[in-house]
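In what follows, a single structure is set out as structure tokens and then discussed.
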Amino acid sequence: MSAALEVTGLGVRYRRTWALRDCSLSVPAGRVAALVGPNGAGKTTLMHTAVGLLRATEGSVRVAGEAAFVAQDKPLYDDFTVAEMLTFGLRTNRRWDGEAAAARLAGLGIPLKRKVGGLSGGQQAQVAVTLALASRPDLLVLDEPLANLDPLARHDVMRTIMAETAGRELTVLLSSHVVSDLEETCDWLIVLNGGRMQVSGDIEELLDDHLVLTGPVGASEAGMRVVSAGRTDRQVGLLVRGAPSPDPRWQARRPGLEELVMGYLRNPESTAMPALTGVRP
Ligand SMILES: Nc1ncnc2c1ncn2[C@@H]1O[C@H](COP(=O)(O)OP(=O)(O)OP(=O)(O)O)[C@@H](O)[C@H]1O
């Protein structure tokens, strides 16, 4: 499968501050990739660089085809009606599918005559995503599309994205702070922390490749690849990568996505990157 997004040795600096350093990753075409990380991790910087709003200070970003971007603050023009936004899109995009966009908005019950500023937050997010999709991108980049939305609206926006990715070669990169929102929709995970890449990979493969171990203090950790550890006076909880421990005192189970992400974020030194990027396992 060819890569829709290929990031190689990327570094981005704002004046003296490096927002990203030594980042390499590859997202295969057709994937819905979740980009997660704490505040200031560099998510927006990575997305801006991918869509050409920022230039790489070092390294490179390559997108196969056209990218569309929905910014965190959804720069929709409040005084424009939804219909005017569609006309604007038609005039400013080479490949524009206004009919599909109008049909989708009708399906969502969003009136074309309504001013964008008069729509709810959820509806504005739907309009922003629909307009981005109407430009028929190969890569759709969404910077926290679910921020400030209630759970129902979050679910609806994710459903729109899912419906669009089904049956065509659209690749999506979306950032979020809420890992549970991504579980159903995303099949690729990227964890960014302090400007460094920690994880990039297929979510099912990553979950298969990790274990949560719980055991008494003193249970052997020899030979294990510990991602992160939590300890109390009596118990130890570990997230490990690879084979289970031979020590029978450990109880093992498969992690959930949130546990996997939190395990890595707790220990910024741990990485799970494909070998080809040259990052240590
Ligand atoms: N225009 C700028 N000038 C200087 N520093 C910046 C600028 N934009 C971002 N930074 C810095 O770069 C780093 C990465 O910021 P970025 O906005 O990419 O992170 P983020 O992961 O998107 O954060 P958040 O989750 O809070 O949106 C931070 O340390 C931030 O302070």
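Letters A, B, ... mark the chains of the structure tokens in the order given; residue numbers begin at 1 per chain; ligand numbers begin at 1, in order shown.
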
> Which of region 7-224 of chain A counts as strand (DSSP E) under DSSP, as a PyMOL selection string please?
Replying inline: chain A and resi 7-14+17-28+32-36+58-63+67-70+139-142+171-175+188-193+196-202+210-216

Could you give me, as JSON lines, a per-residue list for chain A showing, wherever an atom lies at most 6 Å from an atom of ligand 1, the closest pair of atoms and their distance in Å to one decimal, using only C-alpha atoms and all ligand atoms and sorting by chain then residue number from low to high?
```
{"residue": "A:Tyr14", "atom": "CA", "partner": "ligand 1", "partner_atom_place_in_ligand_line": "4 (C)", "distance": 4.7}
{"residue": "A:Ala19", "atom": "CA", "partner": "ligand 1", "partner_atom_place_in_ligand_line": "12 (O)", "distance": 4.0}
{"residue": "A:Pro38", "atom": "CA", "partner": "ligand 1", "partner_atom_place_in_ligand_line": "25 (O)", "distance": 5.6}
{"residue": "A:Asn39", "atom": "CA", "partner": "ligand 1", "partner_atom_place_in_ligand_line": "26 (O)", "distance": 3.5}
{"residue": "A:Gly40", "atom": "CA", "partner": "ligand 1", "partner_atom_place_in_ligand_line": "19 (O)", "distance": 3.5}
{"residue": "A:Ala41", "atom": "CA", "partner": "ligand 1", "partner_atom_place_in_ligand_line": "21 (O)", "distance": 3.7}
{"residue": "A:Gly42", "atom": "CA", "partner": "ligand 1", "partner_atom_place_in_ligand_line": "18 (O)", "distance": 3.2}
{"residue": "A:Lys43", "atom": "CA", "partner": "ligand 1", "partner_atom_place_in_ligand_line": "21 (O)", "distance": 3.7}
{"residue": "A:Thr44", "atom": "CA", "partner": "ligand 1", "partner_atom_place_in_ligand_line": "22 (O)", "distance": 3.6}
{"residue": "A:Thr45", "atom": "CA", "partner": "ligand 1", "partner_atom_place_in_ligand_line": "18 (O)", "distance": 3.7}
```

> If you run DSSP on the backbone, which residues of region 25-212 of chain A are alpha helix (DSSP H), as a PyMOL selection string?
Replying inline: chain A and resi 43-50+82-92+98-107+121-134+151-165+203-208

>> Counting only C-alpha atoms, which residue out of A:Ala132, A:Ala147, A:Leu238, A:Val12 sits closest to Ser176 (chain A)?
In response: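 Of A:Ala132, A:Ala147, A:Leu238, A:Val12, the one nearest Ser176 (chain A) is A:Ala147, counting only C-alpha atoms.
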
Interface rows for region 122-163 of chain A against region 73-89 of chain A: nearest pair, Å to one decimal, 12 Å, only C-alpha atoms, as a Markdown table:
```
| residue | atom | partner | partner_atom | distance |
| --- | --- | --- | --- | --- |
| A:Gly122 | CA | A:Lys74 | CA | 11.4 |
| A:Gln123 | CA | A:Val82 | CA | 10.6 |
| A:Gln124 | CA | A:Leu76 | CA | 7.9 |
| A:Ala125 | CA | A:Lys74 | CA | 7.3 |
| A:Gln126 | CA | A:Lys74 | CA | 10.4 |
| A:Val127 | CA | A:Val82 | CA | 7.7 |
| A:Ala128 | CA | A:Lys74 | CA | 6.7 |
| A:Val129 | CA | A:Lys74 | CA | 9.4 |
| A:Thr130 | CA | A:Leu86 | CA | 9.7 |
| A:Leu131 | CA | A:Leu86 | CA | 7.2 |
| A:Ala132 | CA | A:Gly89 | CA | 8.9 |
| A:Leu133 | CA | A:Gly89 | CA | 10.7 |
| A:Ala134 | CA | A:Gly89 | CA | 8.0 |
| A:Ser135 | CA | A:Gly89 | CA | 7.6 |
| A:Arg136 | CA | A:Gly89 | CA | 11.3 |
| A:Leu142 | CA | A:Lys74 | CA | 9.7 |
| A:Asp143 | CA | A:Asp73 | CA | 8.6 |
| A:Glu144 | CA | A:Asp73 | CA | 8.9 |
| A:Pro145 | CA | A:Lys74 | CA | 8.4 |
| A:Leu146 | CA | A:Asp73 | CA | 10.9 |
| A:Ala147 | CA | A:Asp73 | CA | 9.3 |
| A:Asn148 | CA | A:Asp73 | CA | 10.3 |
```

>> Please list as number ranges by chain every residue within 10 Å of Met197 (chain A), counting only C-alpha atoms and excluding residues in the same chain fewer than 6 positions away.
In response: A: 20-25, 37, 41-42, 190-191, 268, 270-273, 279
